[in-house]
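Working notes, structure below.
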Amino acid sequence: MTTVIDGKAVAADLREKVAQAVAKIKEEHNVQPALAVVLVGEDPASQVYVRNKHTATEKSGMRSIEHKLPETTREEDVVALVRNLNEDPEVDGILVQLPLPKHISSDRVLNEIHPDKDVDGLTEVNAGRLMLGKDGLVPCTPQGSVILAKTVKENLSGLKAVVVGRSILVGKPLAMLLLAENCTVTMAHSRTKDLAAVCREADILCAAVGIPRLIKGDWVKKGAIVIDVGINRIEEDGKKRLVGDVDYGAAKDAAAAITPVPGGVGPMTIACLLRNTVLAAARRRGLGAVEV
Ligand code: NAD
């Protein structure tokens with residue numbers, strides 16, 4: 001029997017643990033951790049993401065501070081806002097919603113975020129810490145992917161992991177996290193030769209590509225753990241649907257465990273953002289270790 005990994009349930013559990021850690025911090029230190037989110041422009045999808053983050057942050061007992069700036073905002077003004085948030089002692093986490101309007105360099109803005117408040121884990125300092133195996137803030141989606149894999153098998157040591165996709169946001173940090181779990185990691189991408197054969201080697205097969213059902217059922221080794229990060233909107237039989245990068249119906253037969261889309265990796269991202277925020281608050285304010 002294939003295990004369908006219930007990302008919604010695992011995420012709900014993680015959010016509950018975060019809420020408990022927040023309550024403990026409030027009780028013991030009279031501190032309410034705060035997340036500041038910066039949204040520039042009116043991109044409809046970004047507005048939905050920011051609203052969801054706001055609701056989840058407040059539900060966890062943390063303070064959510066929103067900064068909504070018009071599309072025409074100058075890069076210098078976004079940088080100035082980030083610098084103010086860096087200096088603000090009440091702010092524990094800073095998230096700049098991507099994509100930024102085209103006239104603003106997201107690279108510059110992201111790297112202005114203080115690394116200890118960088119709850120998206122996207123600054124060069126946090127990427128470097130991850131590479132070096134040092135404590136830092138780890139990007140949310142790859143972090144959630146590893147948590148889900150570990151619900152199937154607590155110890156991933158020695159397993160062969162294949163990560164398809166090498167983006168800064170998902171593929172690369174996911175490969176680093178799996179390496180930190182002592183997996184033998186292969187990174188595959190758009191130039192990989194015979195992707196099917198590479199995937200068939202995987203005990204843990206992770207797909208973060210953005211191509212609907214790229215990974216076919218017969219690319220999945222019998223008994224593999226399949227983590228599908230892809231979220232693709234398609235139209236099929238006249239209906240709009242969300243599908244992953246894995247051909248779920250076919251892959252499910254071979255896999256020992258698989259994440260569905262939706263309801264797999266997706267819900268983990270916000271849960272891990274909340275986790276990062278409470279961890280950042282505890283570290284920055286010197287409140288000691290928190291269990292989340
Ligand atoms: P990206 O476009 O930045 O990167 C895609 C990667 O896939 C690239 O590294 C590229 O080399 C690789 N690729 C492209 N075509 C390929 C091919 N034919 N064969 C093998 N590799 C190929 O995308 P991303 O930001 O990493 O996102 C990937 C997917 O994950 C998207 O569907 C996105 O919507 C989804 N995503 C989900 C979450 C979430 O669950 N919360 C978060 C981020 C991204």
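Going by the structure tokens order, chains are called A, B, ..., each with residues numbered from 1, while ligands are numbered from 1 in the order shown.
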
| field | DSSP strand (DSSP E or B) residues within range 192-243 of chain A, listed as a list of chain:residue names | value | A:Ile204, A:Leu205, A:Cys206, A:Ala207, A:Ile215, A:Ile225, A:Val226, A:Ile227, A:Asp228, A:Asn232, A:Arg233, A:Ile234, A:Glu235, A:Glu236, A:Lys239, A:Lys240, A:Arg241, A:Leu242, A:Val243

Export, as a compact mmCIF listing (two decimals), in the first residue's frame, the selected residues with C-alpha atoms.
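After the write, again.txt holds the following:
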# COMPACT_ATOMS: atom_id res chain seq x y z
CA ILE A 204 13.95 9.72 -2.58
CA LEU A 205 12.79 11.44 -5.74
CA CYS A 206 12.10 15.17 -5.45
CA ALA A 207 10.66 17.17 -8.33
CA ILE A 215 8.15 12.65 -14.07
CA ILE A 225 9.64 8.22 -1.50
CA VAL A 226 8.34 10.80 -3.99
CA ILE A 227 8.22 14.48 -3.00
CA ASP A 228 6.44 16.59 -5.60
CA ASN A 232 1.06 23.74 -12.05
CA ARG A 233 -2.27 25.13 -13.14
CA ILE A 234 -3.62 23.22 -16.14
CA GLU A 235 -6.90 22.87 -17.98
CA GLU A 236 -8.07 19.29 -18.55
CA LYS A 239 -11.77 21.91 -15.95
CA LYS A 240 -9.04 23.95 -14.26
CA ARG A 241 -6.82 21.74 -12.09
CA LEU A 242 -3.65 21.90 -10.01
CA VAL A 243 -1.13 19.18 -10.81

| field | Test item: residues at most 9 Å from Val38 in chain A, only C-alpha atoms, excluding those fewer than 4 positions along its chain, as an MDAnalysis selection string | value | chainID A and resid 50 65:69 78 81:82 94:97

Output file for the residues above (N, CA and C atoms, as a CSV table (one decimal), in the first residue's frame):
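What follows is the written file out.csv:
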chain,number,residue,atom,x,y,z
A,50,VAL,N,0.2,36.8,0.5
A,50,VAL,CA,0.5,37.7,1.7
A,50,VAL,C,-0.7,37.6,2.7
A,65,ILE,N,2.9,42.2,10.6
A,65,ILE,CA,3.0,43.6,10.2
A,65,ILE,C,3.1,43.6,8.7
A,66,GLU,N,2.2,44.3,8.1
A,66,GLU,CA,2.2,44.3,6.6
A,66,GLU,C,2.6,45.7,6.1
A,67,HIS,N,3.4,45.7,5.1
A,67,HIS,CA,3.8,46.9,4.4
A,67,HIS,C,3.5,46.8,2.9
A,68,LYS,N,2.4,47.4,2.5
A,68,LYS,CA,2.0,47.3,1.1
A,68,LYS,C,2.3,48.6,0.4
A,69,LEU,N,3.2,48.5,-0.6
A,69,LEU,CA,3.7,49.6,-1.3
A,69,LEU,C,3.2,49.6,-2.8
A,78,VAL,N,12.3,50.8,-1.2
A,78,VAL,CA,12.1,49.5,-0.7
A,78,VAL,C,13.3,49.1,0.2
A,81,LEU,N,13.0,50.8,3.5
A,81,LEU,CA,12.1,50.2,4.4
A,81,LEU,C,12.7,48.9,5.0
A,82,VAL,N,13.4,48.1,4.2
A,82,VAL,CA,14.0,46.9,4.7
A,82,VAL,C,15.1,47.3,5.8
A,94,ILE,N,11.6,39.2,8.5
A,94,ILE,CA,11.3,40.1,7.4
A,94,ILE,C,11.1,39.2,6.1
A,95,LEU,N,10.0,39.4,5.5
A,95,LEU,CA,9.8,38.6,4.2
A,95,LEU,C,9.4,39.6,3.1
A,96,VAL,N,10.2,39.6,2.0
A,96,VAL,CA,9.8,40.4,0.9
A,96,VAL,C,9.1,39.5,-0.1
A,97,GLN,N,7.9,39.8,-0.4
A,97,GLN,CA,7.1,38.9,-1.3
A,97,GLN,C,7.7,39.0,-2.7

| request: Pick out the residues sitting within 6 Å of range 4-21 of chain A, and hand them over as a list in words; count only C-alpha atoms, and ignore anything fewer than 5 positions along from it in its own chain. | output: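 Counting only C-alpha atoms, the residues come to Ser60, Ala257, Ile258, Thr259, Gly263, Gly264, Val265, Pro267, Met268, Ala271, Arg275 and Val292 of chain A.
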
Keeping N, CA, C and O atoms for every residue in the selection just given, could you write it to a file as a tab-separated table (two decimals), in the first residue's frame?
chain	number	residue	atom	x	y	z
A	60	SER	N	-1.06	31.85	14.86
A	60	SER	CA	-0.02	31.21	15.67
A	60	SER	C	0.30	32.03	16.92
A	60	SER	O	1.10	31.61	17.75
A	257	ALA	N	5.75	5.93	-0.87
A	257	ALA	CA	5.05	7.09	-0.31
A	257	ALA	C	5.17	8.24	-1.30
A	257	ALA	O	6.19	8.38	-1.97
A	258	ILE	N	4.14	9.06	-1.36
A	258	ILE	CA	4.13	10.16	-2.34
A	258	ILE	C	3.32	11.34	-1.79
A	258	ILE	O	2.35	11.14	-1.06
A	259	THR	N	3.77	12.55	-2.14
A	259	THR	CA	2.99	13.74	-1.75
A	259	THR	C	2.01	14.07	-2.87
A	259	THR	O	2.38	14.09	-4.04
A	263	GLY	N	-2.08	19.66	-1.46
A	263	GLY	CA	-2.19	19.00	-0.16
A	263	GLY	C	-0.94	18.26	0.27
A	263	GLY	O	-0.97	17.48	1.23
A	264	GLY	N	0.17	18.48	-0.46
A	264	GLY	CA	1.44	17.85	-0.07
A	264	GLY	C	2.40	18.89	0.45
A	264	GLY	O	2.27	19.39	1.57
A	265	VAL	N	3.38	19.25	-0.40
A	265	VAL	CA	4.41	20.22	0.01
A	265	VAL	C	3.81	21.62	0.22
A	265	VAL	O	4.23	22.35	1.12
A	267	PRO	N	1.16	23.15	1.65
A	267	PRO	CA	0.83	23.67	2.99
A	267	PRO	C	2.03	23.79	3.92
A	267	PRO	O	1.96	24.50	4.93
A	268	MET	N	3.13	23.08	3.60
A	268	MET	CA	4.30	23.11	4.49
A	268	MET	C	5.03	24.45	4.45
A	268	MET	O	5.73	24.83	5.39
A	271	ALA	N	3.82	26.93	7.07
A	271	ALA	CA	4.13	26.37	8.39
A	271	ALA	C	5.62	26.55	8.71
A	271	ALA	O	6.00	26.91	9.84
A	275	ARG	N	7.67	28.66	11.56
A	275	ARG	CA	8.74	28.01	12.35
A	275	ARG	C	10.00	28.87	12.32
A	275	ARG	O	10.60	29.15	13.36
A	292	VAL	N	10.64	23.34	18.03
A	292	VAL	CA	9.61	23.32	16.97
A	292	VAL	C	10.09	22.46	15.81
A	292	VAL	O	11.25	22.43	15.50

Closest pair table for chain A residues within 10 Å of ligand 1, only C-alpha atoms and all ligand atoms, as JSON lines:
{"residue": "A:Tyr49", "atom": "CA", "partner": "ligand 1", "partner_atom_place_in_ligand_line": "41 (N)", "distance": 9.8}
{"residue": "A:Pro139", "atom": "CA", "partner": "ligand 1", "partner_atom_place_in_ligand_line": "42 (C)", "distance": 9.7}
{"residue": "A:Cys140", "atom": "CA", "partner": "ligand 1", "partner_atom_place_in_ligand_line": "41 (N)", "distance": 8.0}
{"residue": "A:Thr141", "atom": "CA", "partner": "ligand 1", "partner_atom_place_in_ligand_line": "42 (C)", "distance": 5.4}
{"residue": "A:Pro142", "atom": "CA", "partner": "ligand 1", "partner_atom_place_in_ligand_line": "42 (C)", "distance": 8.2}
{"residue": "A:Gly144", "atom": "CA", "partner": "ligand 1", "partner_atom_place_in_ligand_line": "40 (O)", "distance": 8.6}
{"residue": "A:Ser145", "atom": "CA", "partner": "ligand 1", "partner_atom_place_in_ligand_line": "40 (O)", "distance": 8.6}
{"residue": "A:Val163", "atom": "CA", "partner": "ligand 1", "partner_atom_place_in_ligand_line": "21 (N)", "distance": 9.2}
{"residue": "A:Val164", "atom": "CA", "partner": "ligand 1", "partner_atom_place_in_ligand_line": "21 (N)", "distance": 5.5}
{"residue": "A:Gly165", "atom": "CA", "partner": "ligand 1", "partner_atom_place_in_ligand_line": "7 (O)", "distance": 3.6}
{"residue": "A:Arg166", "atom": "CA", "partner": "ligand 1", "partner_atom_place_in_ligand_line": "9 (O)", "distance": 3.5}
{"residue": "A:Ser167", "atom": "CA", "partner": "ligand 1", "partner_atom_place_in_ligand_line": "9 (O)", "distance": 4.4}
{"residue": "A:Ile168", "atom": "CA", "partner": "ligand 1", "partner_atom_place_in_ligand_line": "3 (O)", "distance": 6.9}
{"residue": "A:Leu169", "atom": "CA", "partner": "ligand 1", "partner_atom_place_in_ligand_line": "25 (O)", "distance": 5.6}
{"residue": "A:Val170", "atom": "CA", "partner": "ligand 1", "partner_atom_place_in_ligand_line": "26 (O)", "distance": 4.7}
{"residue": "A:Gly171", "atom": "CA", "partner": "ligand 1", "partner_atom_place_in_ligand_line": "26 (O)", "distance": 5.8}
{"residue": "A:Lys172", "atom": "CA", "partner": "ligand 1", "partner_atom_place_in_ligand_line": "9 (O)", "distance": 8.4}
{"residue": "A:Leu174", "atom": "CA", "partner": "ligand 1", "partner_atom_place_in_ligand_line": "26 (O)", "distance": 10.0}
{"residue": "A:Met187", "atom": "CA", "partner": "ligand 1", "partner_atom_place_in_ligand_line": "21 (N)", "distance": 9.4}
{"residue": "A:Ala188", "atom": "CA", "partner": "ligand 1", "partner_atom_place_in_ligand_line": "20 (C)", "distance": 6.2}
{"residue": "A:His189", "atom": "CA", "partner": "ligand 1", "partner_atom_place_in_ligand_line": "21 (N)", "distance": 3.5}
{"residue": "A:Ser190", "atom": "CA", "partner": "ligand 1", "partner_atom_place_in_ligand_line": "22 (C)", "distance": 3.6}
{"residue": "A:Arg191", "atom": "CA", "partner": "ligand 1", "partner_atom_place_in_ligand_line": "20 (C)", "distance": 6.9}
{"residue": "A:Thr192", "atom": "CA", "partner": "ligand 1", "partner_atom_place_in_ligand_line": "20 (C)", "distance": 6.6}
{"residue": "A:Lys193", "atom": "CA", "partner": "ligand 1", "partner_atom_place_in_ligand_line": "19 (N)", "distance": 9.2}
{"residue": "A:Asp194", "atom": "CA", "partner": "ligand 1", "partner_atom_place_in_ligand_line": "19 (N)", "distance": 9.6}
{"residue": "A:Leu195", "atom": "CA", "partner": "ligand 1", "partner_atom_place_in_ligand_line": "20 (C)", "distance": 7.0}
{"residue": "A:Ala196", "atom": "CA", "partner": "ligand 1", "partner_atom_place_in_ligand_line": "19 (N)", "distance": 9.6}
{"residue": "A:Ala207", "atom": "CA", "partner": "ligand 1", "partner_atom_place_in_ligand_line": "29 (C)", "distance": 7.5}
{"residue": "A:Ala208", "atom": "CA", "partner": "ligand 1", "partner_atom_place_in_ligand_line": "28 (C)", "distance": 4.0}
{"residue": "A:Val209", "atom": "CA", "partner": "ligand 1", "partner_atom_place_in_ligand_line": "7 (O)", "distance": 3.5}
{"residue": "A:Gly210", "atom": "CA", "partner": "ligand 1", "partner_atom_place_in_ligand_line": "32 (O)", "distance": 3.2}
{"residue": "A:Ile211", "atom": "CA", "partner": "ligand 1", "partner_atom_place_in_ligand_line": "32 (O)", "distance": 6.5}
{"residue": "A:Pro212", "atom": "CA", "partner": "ligand 1", "partner_atom_place_in_ligand_line": "32 (O)", "distance": 7.8}
{"residue": "A:Leu214", "atom": "CA", "partner": "ligand 1", "partner_atom_place_in_ligand_line": "18 (N)", "distance": 7.2}
{"residue": "A:Ile215", "atom": "CA", "partner": "ligand 1", "partner_atom_place_in_ligand_line": "19 (N)", "distance": 8.8}
{"residue": "A:Asp228", "atom": "CA", "partner": "ligand 1", "partner_atom_place_in_ligand_line": "30 (O)", "distance": 8.0}
{"residue": "A:Val229", "atom": "CA", "partner": "ligand 1", "partner_atom_place_in_ligand_line": "30 (O)", "distance": 4.7}
{"residue": "A:Gly230", "atom": "CA", "partner": "ligand 1", "partner_atom_place_in_ligand_line": "32 (O)", "distance": 3.4}
{"residue": "A:Ile231", "atom": "CA", "partner": "ligand 1", "partner_atom_place_in_ligand_line": "32 (O)", "distance": 4.0}
{"residue": "A:Asn232", "atom": "CA", "partner": "ligand 1", "partner_atom_place_in_ligand_line": "32 (O)", "distance": 5.3}
{"residue": "A:Arg233", "atom": "CA", "partner": "ligand 1", "partner_atom_place_in_ligand_line": "32 (O)", "distance": 8.8}
{"residue": "A:Leu242", "atom": "CA", "partner": "ligand 1", "partner_atom_place_in_ligand_line": "32 (O)", "distance": 9.9}
{"residue": "A:Val243", "atom": "CA", "partner": "ligand 1", "partner_atom_place_in_ligand_line": "32 (O)", "distance": 8.8}
{"residue": "A:Gly244", "atom": "CA", "partner": "ligand 1", "partner_atom_place_in_ligand_line": "32 (O)", "distance": 6.9}
{"residue": "A:Asp245", "atom": "CA", "partner": "ligand 1", "partner_atom_place_in_ligand_line": "32 (O)", "distance": 6.8}
{"residue": "A:Val261", "atom": "CA", "partner": "ligand 1", "partner_atom_place_in_ligand_line": "40 (O)", "distance": 8.8}
{"residue": "A:Pro262", "atom": "CA", "partner": "ligand 1", "partner_atom_place_in_ligand_line": "40 (O)", "distance": 8.7}
{"residue": "A:Gly263", "atom": "CA", "partner": "ligand 1", "partner_atom_place_in_ligand_line": "40 (O)", "distance": 9.2}
{"residue": "A:Gly264", "atom": "CA", "partner": "ligand 1", "partner_atom_place_in_ligand_line": "40 (O)", "distance": 7.8}
{"residue": "A:Val265", "atom": "CA", "partner": "ligand 1", "partner_atom_place_in_ligand_line": "40 (O)", "distance": 4.9}
{"residue": "A:Gly266", "atom": "CA", "partner": "ligand 1", "partner_atom_place_in_ligand_line": "40 (O)", "distance": 3.6}
{"residue": "A:Pro267", "atom": "CA", "partner": "ligand 1", "partner_atom_place_in_ligand_line": "41 (N)", "distance": 6.8}
{"residue": "A:Met268", "atom": "CA", "partner": "ligand 1", "partner_atom_place_in_ligand_line": "41 (N)", "distance": 7.1}
{"residue": "A:Thr269", "atom": "CA", "partner": "ligand 1", "partner_atom_place_in_ligand_line": "41 (N)", "distance": 5.0}
{"residue": "A:Ile270", "atom": "CA", "partner": "ligand 1", "partner_atom_place_in_ligand_line": "41 (N)", "distance": 7.7}

| said: I'd like the contact shell of Gly133 in chain A - 12 Å cut-off, only C-alpha atoms, skipping same-chain residues fewer than 5 positions apart - returned as a VMD selection string. | reply: chain A and resid 126 to 128 138 173 176 to 182

Quick one: write out the picked residues with N, CA, C and O atoms as a compact mmCIF listing (two decimals), in the first residue's frame?
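File selection.txt, as written:
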# COMPACT_ATOMS: atom_id res chain seq x y z
N ASN A 126 22.62 33.33 4.46
CA ASN A 126 21.95 32.09 4.85
C ASN A 126 22.19 30.95 3.86
O ASN A 126 22.29 29.79 4.27
N ALA A 127 22.30 31.28 2.57
CA ALA A 127 22.64 30.25 1.59
C ALA A 127 24.03 29.69 1.90
O ALA A 127 24.27 28.49 1.85
N GLY A 128 24.94 30.58 2.29
CA GLY A 128 26.31 30.17 2.65
C GLY A 128 26.33 29.31 3.90
O GLY A 128 27.02 28.29 3.96
N VAL A 138 16.62 28.49 6.98
CA VAL A 138 16.60 27.63 5.79
C VAL A 138 15.33 27.92 4.97
O VAL A 138 14.25 28.04 5.56
N PRO A 173 18.74 24.48 -2.33
CA PRO A 173 18.70 24.26 -0.88
C PRO A 173 18.18 22.88 -0.50
O PRO A 173 18.64 22.30 0.49
N MET A 176 21.02 20.51 -0.56
CA MET A 176 21.90 20.72 0.60
C MET A 176 21.31 20.10 1.86
O MET A 176 22.02 19.50 2.68
N LEU A 177 19.99 20.26 2.02
CA LEU A 177 19.34 19.70 3.22
C LEU A 177 19.39 18.18 3.21
O LEU A 177 19.59 17.55 4.25
N LEU A 178 19.22 17.58 2.04
CA LEU A 178 19.27 16.11 1.94
C LEU A 178 20.69 15.61 2.19
O LEU A 178 20.90 14.56 2.80
N LEU A 179 21.66 16.41 1.74
CA LEU A 179 23.06 16.08 2.01
C LEU A 179 23.33 16.11 3.51
O LEU A 179 24.01 15.25 4.07
N ALA A 180 22.73 17.11 4.17
CA ALA A 180 22.89 17.22 5.62
C ALA A 180 22.24 16.04 6.36
O ALA A 180 22.60 15.73 7.49
N GLU A 181 21.29 15.39 5.68
CA GLU A 181 20.66 14.18 6.25
C GLU A 181 21.46 12.93 5.88
O GLU A 181 20.99 11.81 6.05
N ASN A 182 22.63 13.15 5.27
CA ASN A 182 23.52 12.05 4.85
C ASN A 182 22.98 11.22 3.70
O ASN A 182 23.29 10.03 3.57

| field | Length of the CA of Asn84 in chain A to CA of Arg63 in chain A vector [Å] | value | 17.2 Å
